[in-house]
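S.K.: I am attaching a structure below and will ask some questions about it afterwards.
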There are 2 protein chains.
Amino acid sequence: MKQSERIGAKIAYIFSHNHRYIERALESYNLKGPMFAFLLTLSHKDGCSQECLARYLKFSKATATRVITTLEKQGYVYREKDEDDRRIYRVFISDEGRGLIPAINSALQEWNDIFLSDLSDEEEQIFRNLLDKTKNTLVEFDRKSSKQMKNNYQISG
Amino acid sequence: MKQSERIGAKIAYIFSHNHRYIERALESYNLKGPMFAFLLTLSHKDGCSQECLARYLKFSKATATRVITTLEKQGYVYREKDEDDRRIYRVFISDEGRGLIPAINSALQEWNDIFLSDLSDEEEQIFRNLLDKTKNTLVEFDRKSSKQMKNNYQISG
DNA sequence: ACCAATTAGTTTTACATGAAACTAATTAAA
DNA sequence: TTTAATTAGTTTCATGTAAAACTAATTGGT
């Protein structure tokens, strides 16, 4: 009975905890909100444009501008105009920025460890697979509905 | 290799999809943001105070005030001052509000169905259990850390 | 009975974010 | 080559939220 209880609520709960935990863990480095995600992305995709970062991390380009401006002021990243296309800023992580990566990774790892602490290795593996599987379902669903979009612009009646 | 990949990112992705989906599904009823959650809670906890709703749903009381004010204007809920304690507003769902519950439930159900569509019944069951288990881990962790708090107020050095 | 502390709710303030409008550079089409 | 469309990035605007300050009511201690 009531087996179909709200999965969304559980996900939301876990999400907000994760968010809060990471936020606190990184506040001493002055990394707020999406800043750590941008840094982390740059640590292995150095030289990305702002637009590319925004798209990859699913933030608006307005937010990307703001986040990167802040990170630049803090000296964690620097920007260079692309030589071939003067619209594009290539964003690079600085040495100082790269110095934060271990701290970011351990904050993420700490949360993972807490979050998964009551699961066996096998359960953890299954859980990861199910998360991947459902995530892919959603990615696929999005792809289909964005295709659908075009056909939906029709006069009603 | 790189087995400890970011679970938080997956959770965040799923969360934002859920959010977006529900938001769209309910916008025609003028239910934005946390409004549906308040209504849903009231549908089985009728007569809750605002503070109780806020605490239960993990929103600030400022947000609770605004959400309930809006819902009241729309006629989906009404408030009555508690007779014994005149600080408290008891919040009740109206007939009109209760009329939205099926729509809310089916929006949630629709998303569940999409989200779980690639899982077998058995996988779904396992997934739900793992979500519950990890959620409880976090609840427990919070309980412990809030206890800890008191001991952390000590002079440094 | 009085005053301090607490509690429920509201208002104010600060901030984060996305959408839309905008600017500048590039590409495509004529 | 000139013009239109597109693209990267910025700025402006509207919105949603929590924290803090505030008000009013209640409770507890003396």
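Going by the structure tokens order, chains are called A, B, ..., each with residues numbered from 1, while ligands are numbered from 1 in the order shown.
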With chain B fixed, least-squares superpose chain A over all its C-alpha atoms paired in order and give the RMSD in Å.
M.R.: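 It comes to 0.2 Å after superposition.
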S.K.: Which chain B residues are at most 10 Å from chain A (counting only C-alpha atoms), as an MDAnalysis selection string?
M.R.: chainID B and resid 3:19 22 37 57:58 105 108:109 111:119 123:139 141:142
S.K.: Using only C-alpha atoms (C1' of nucleotides), find which residues of chain B lie within 10 Å of chain C and jot them down as a list in words.
M.R.: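 Selected residues: Ser49, Gln50, Glu51, Cys52, Lys61, Ala62, Ala64, Thr65, Arg66, Asp85, Arg86, Arg87, Ile88 and Tyr89 of chain B.
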S.K.: Now that the selection is made, can you save its residues with C-alpha atoms as a tab-separated table (two decimals), in the first residue's frame?
M.R.:
```tsv
chain	number	residue	atom	x	y	z
B	49	SER	CA	0.43	25.78	11.79
B	50	GLN	CA	2.64	27.69	9.36
B	51	GLU	CA	5.66	27.01	11.47
B	52	CYS	CA	4.89	23.28	11.46
B	61	LYS	CA	8.96	30.54	7.89
B	62	ALA	CA	9.34	33.61	5.69
B	64	ALA	CA	5.88	29.65	4.44
B	65	THR	CA	4.20	32.99	5.05
B	66	ARG	CA	4.48	34.00	1.41
B	85	ASP	CA	-2.91	30.43	21.26
B	86	ARG	CA	-3.55	33.58	19.28
B	87	ARG	CA	-0.07	33.57	17.76
B	88	ILE	CA	-0.82	30.48	15.75
B	89	TYR	CA	-2.57	30.30	12.41
```
S.K.: Please build the interface table for chain D against chain B with a cut-off of 8 Å, listing for each qualifying residue the nearest atom pair and the distance in Å to one decimal; count only C-alpha atoms (C1' of nucleotides), order rows by chain and increasing number, and write it as JSON lines.
M.R.:
```
{"residue": "D:DT17", "atom": "C1'", "partner": "B:Thr63", "partner_atom": "CA", "distance": 7.1}
{"residue": "D:DA18", "atom": "C1'", "partner": "B:Ser60", "partner_atom": "CA", "distance": 6.5}
{"residue": "D:DA24", "atom": "C1'", "partner": "B:Arg87", "partner_atom": "CA", "distance": 7.3}
{"residue": "D:DA25", "atom": "C1'", "partner": "B:Arg87", "partner_atom": "CA", "distance": 5.4}
{"residue": "D:DT26", "atom": "C1'", "partner": "B:Asp85", "partner_atom": "CA", "distance": 7.4}
```
S.K.: Any chance you could list, as a VMD selection string, the residues in chain B that come up alpha helix (DSSP H) when DSSP is run on the backbone?
M.R.: chain B and resid 7 to 26 35 to 44 50 to 57 61 to 73 95 to 115 121 to 152
S.K.: Export, as a short mmCIF file (atom, residue, chain, number, x, y, z; two decimals), in the first residue's frame, the selected residues with C-alpha atoms.
M.R.:
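Writing the result to result09.cif gives the following:
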```
data_model
loop_
_atom_site.label_atom_id
_atom_site.label_comp_id
_atom_site.auth_asym_id
_atom_site.auth_seq_id
_atom_site.Cartn_x
_atom_site.Cartn_y
_atom_site.Cartn_z
CA ILE B 7 27.19 10.85 -6.85
CA GLY B 8 26.15 14.36 -5.88
CA ALA B 9 26.22 15.40 -9.52
CA LYS B 10 23.89 12.59 -10.51
CA ILE B 11 21.51 13.41 -7.69
CA ALA B 12 21.57 17.08 -8.66
CA TYR B 13 20.78 16.20 -12.25
CA ILE B 14 17.82 14.05 -11.31
CA PHE B 15 16.59 16.63 -8.83
CA SER B 16 16.61 19.45 -11.33
CA HIS B 17 14.72 17.35 -13.87
CA ASN B 18 12.11 16.41 -11.36
CA HIS B 19 11.75 20.02 -10.34
CA ARG B 20 11.43 21.25 -13.88
CA TYR B 21 8.92 18.58 -14.82
CA ILE B 22 6.62 19.18 -11.86
CA GLU B 23 6.91 22.92 -12.33
CA ARG B 24 5.68 22.67 -15.91
CA ALA B 25 3.01 20.13 -15.15
CA LEU B 26 1.42 22.34 -12.49
CA MET B 35 3.07 25.63 -3.43
CA PHE B 36 2.12 22.12 -4.44
CA ALA B 37 4.15 20.66 -1.58
CA PHE B 38 2.31 22.81 0.93
CA LEU B 39 -1.06 21.81 -0.52
CA LEU B 40 -0.14 18.15 -0.57
CA THR B 41 0.99 18.29 3.03
CA LEU B 42 -2.19 20.03 4.08
CA SER B 43 -4.25 17.38 2.33
CA HIS B 44 -3.21 14.91 5.00
CA GLN B 50 2.64 27.69 9.36
CA GLU B 51 5.66 27.01 11.47
CA CYS B 52 4.89 23.28 11.46
CA LEU B 53 4.52 23.29 7.67
CA ALA B 54 7.78 25.18 7.25
CA ARG B 55 9.66 22.81 9.49
CA TYR B 56 8.17 19.72 7.89
CA LEU B 57 8.88 20.89 4.36
CA LYS B 61 8.96 30.54 7.89
CA ALA B 62 9.34 33.61 5.69
CA THR B 63 8.73 31.41 2.67
CA ALA B 64 5.88 29.65 4.44
CA THR B 65 4.20 32.99 5.05
CA ARG B 66 4.48 34.00 1.41
CA VAL B 67 3.40 30.64 -0.01
CA ILE B 68 0.39 30.40 2.27
CA THR B 69 -0.58 34.00 1.63
CA THR B 70 -0.57 33.28 -2.08
CA LEU B 71 -2.50 30.04 -1.70
CA GLU B 72 -5.03 31.87 0.42
CA LYS B 73 -5.50 34.57 -2.21
CA ASP B 95 -12.52 22.26 -1.21
CA GLU B 96 -11.08 23.99 -4.22
CA GLY B 97 -7.59 23.26 -2.98
CA ARG B 98 -8.46 19.66 -2.32
CA GLY B 99 -9.72 19.50 -5.88
CA LEU B 100 -6.15 20.00 -7.08
CA ILE B 101 -4.73 17.07 -5.17
CA PRO B 102 -5.49 14.50 -7.88
CA ALA B 103 -3.78 16.68 -10.48
CA ILE B 104 -0.77 17.09 -8.24
CA ASN B 105 -0.61 13.40 -7.55
CA SER B 106 -0.82 12.52 -11.19
CA ALA B 107 1.93 14.98 -12.09
CA LEU B 108 4.13 13.35 -9.47
CA GLN B 109 3.10 9.93 -10.68
CA GLU B 110 3.81 10.82 -14.30
CA TRP B 111 7.30 11.88 -13.43
CA ASN B 112 7.83 8.74 -11.37
CA ASP B 113 6.71 6.68 -14.33
CA ILE B 114 9.11 8.40 -16.70
CA PHE B 115 11.94 8.32 -14.23
CA ASP B 121 9.84 -3.90 -10.79
CA GLU B 122 12.57 -5.55 -8.83
CA GLU B 123 15.09 -2.82 -9.64
CA GLU B 124 12.56 -0.17 -8.67
CA GLN B 125 12.08 -1.85 -5.33
CA ILE B 126 15.81 -2.02 -4.73
CA PHE B 127 16.22 1.59 -5.78
CA ARG B 128 13.54 2.78 -3.38
CA ASN B 129 15.16 0.85 -0.58
CA LEU B 130 18.57 2.31 -1.29
CA LEU B 131 17.15 5.81 -1.43
CA ASP B 132 15.44 5.28 1.90
CA LYS B 133 18.53 3.79 3.43
CA THR B 134 20.80 6.63 2.34
CA LYS B 135 18.23 9.23 3.30
CA ASN B 136 18.09 7.75 6.77
CA THR B 137 21.87 7.82 6.94
CA LEU B 138 21.73 11.56 6.31
CA VAL B 139 18.93 12.13 8.81
CA GLU B 140 20.94 10.28 11.41
CA PHE B 141 24.10 12.20 10.51
CA ASP B 142 22.25 15.49 10.95
CA ARG B 143 20.90 14.42 14.29
CA LYS B 144 24.39 13.59 15.48
CA SER B 145 26.01 16.77 14.18
CA SER B 146 23.39 19.02 15.75
CA LYS B 147 24.11 17.33 19.07
CA GLN B 148 27.81 17.91 18.47
CA MET B 149 27.20 21.63 17.91
CA LYS B 150 27.00 22.48 21.60
CA ASN B 151 30.47 21.09 22.24
CA ASN B 152 31.94 23.08 19.39
#
```
S.K.: Interatomic distance between atom CA of Lys45 of chain A and atom CA of Ile93 of chain A?
M.R.: 9.4 Å
S.K.: List as a list of chain:residue names the protein and nucleic acid residues near Arg90 of chain B, meaning an atom at most 7 Å away when only C-alpha atoms (C1' of nucleotides) are counted, but skip any in the same chain fewer than 2 places from it.
M.R.: B:Gly47, B:Cys48, B:Ser49, B:Arg79, B:Glu80, B:Lys81, B:Asp82, B:Ile88, B:Phe92
S.K.: Would you put the residues from that selection into a file with all heavy atoms, as a compact mmCIF listing (two decimals), in the first residue's frame?
M.R.:
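Written out: out-v9.txt:
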```txt
# COMPACT_ATOMS: atom_id res chain seq x y z
N GLY B 47 -4.83 21.65 9.15
CA GLY B 47 -4.86 22.35 10.42
C GLY B 47 -3.48 22.59 11.02
O GLY B 47 -3.36 23.13 12.12
N CYS B 48 -2.45 22.22 10.28
CA CYS B 48 -1.06 22.52 10.66
C CYS B 48 -0.86 24.01 10.85
O CYS B 48 -1.49 24.81 10.17
CB CYS B 48 -0.14 22.11 9.51
SG CYS B 48 0.86 20.68 9.84
N SER B 49 0.03 24.38 11.71
CA SER B 49 0.43 25.78 11.79
C SER B 49 1.44 26.06 10.68
O SER B 49 2.01 25.14 10.09
CB SER B 49 1.07 26.08 13.14
OG SER B 49 2.33 25.46 13.22
N ARG B 79 -7.08 30.33 6.57
CA ARG B 79 -6.42 30.33 7.86
C ARG B 79 -7.40 30.67 8.97
O ARG B 79 -8.29 31.49 8.78
CB ARG B 79 -5.30 31.38 7.86
CG ARG B 79 -4.10 30.92 7.11
CD ARG B 79 -2.96 31.86 7.31
NE ARG B 79 -3.07 33.00 6.42
CZ ARG B 79 -2.03 33.80 6.16
NH1 ARG B 79 -0.86 33.57 6.71
NH2 ARG B 79 -2.18 34.81 5.34
N GLU B 80 -7.18 30.06 10.11
CA GLU B 80 -7.96 30.42 11.29
C GLU B 80 -7.01 30.56 12.47
O GLU B 80 -6.17 29.69 12.70
CB GLU B 80 -9.01 29.34 11.60
CG GLU B 80 -10.16 29.34 10.63
CD GLU B 80 -11.12 28.18 10.89
OE1 GLU B 80 -10.94 27.48 11.92
OE2 GLU B 80 -12.05 27.98 10.09
N LYS B 81 -7.19 31.64 13.20
CA LYS B 81 -6.40 31.83 14.42
C LYS B 81 -6.76 30.71 15.40
O LYS B 81 -7.94 30.40 15.58
CB LYS B 81 -6.75 33.18 15.07
CG LYS B 81 -6.11 34.37 14.41
CD LYS B 81 -4.79 34.72 15.08
CE LYS B 81 -4.26 36.04 14.51
NZ LYS B 81 -2.83 36.21 14.79
N ASP B 82 -5.74 30.12 16.00
CA ASP B 82 -5.97 29.14 17.04
C ASP B 82 -6.65 29.82 18.23
O ASP B 82 -6.23 30.89 18.65
CB ASP B 82 -4.63 28.53 17.46
CG ASP B 82 -4.80 27.38 18.42
OD1 ASP B 82 -5.25 27.62 19.56
OD2 ASP B 82 -4.50 26.25 18.04
N ILE B 88 -0.84 31.53 16.76
CA ILE B 88 -0.82 30.48 15.75
C ILE B 88 -1.95 30.60 14.73
O ILE B 88 -3.10 30.85 15.08
CB ILE B 88 -0.92 29.09 16.44
CG1 ILE B 88 0.31 28.85 17.31
CG2 ILE B 88 -1.11 27.98 15.40
CD1 ILE B 88 0.23 27.59 18.13
N PHE B 92 -5.87 25.48 6.72
CA PHE B 92 -6.73 24.41 6.23
C PHE B 92 -6.82 24.46 4.72
O PHE B 92 -6.80 25.53 4.11
CB PHE B 92 -8.14 24.55 6.82
CG PHE B 92 -8.17 24.43 8.31
CD1 PHE B 92 -8.07 25.57 9.10
CD2 PHE B 92 -8.29 23.19 8.93
CE1 PHE B 92 -8.09 25.47 10.49
CE2 PHE B 92 -8.32 23.09 10.32
CZ PHE B 92 -8.21 24.23 11.10
```
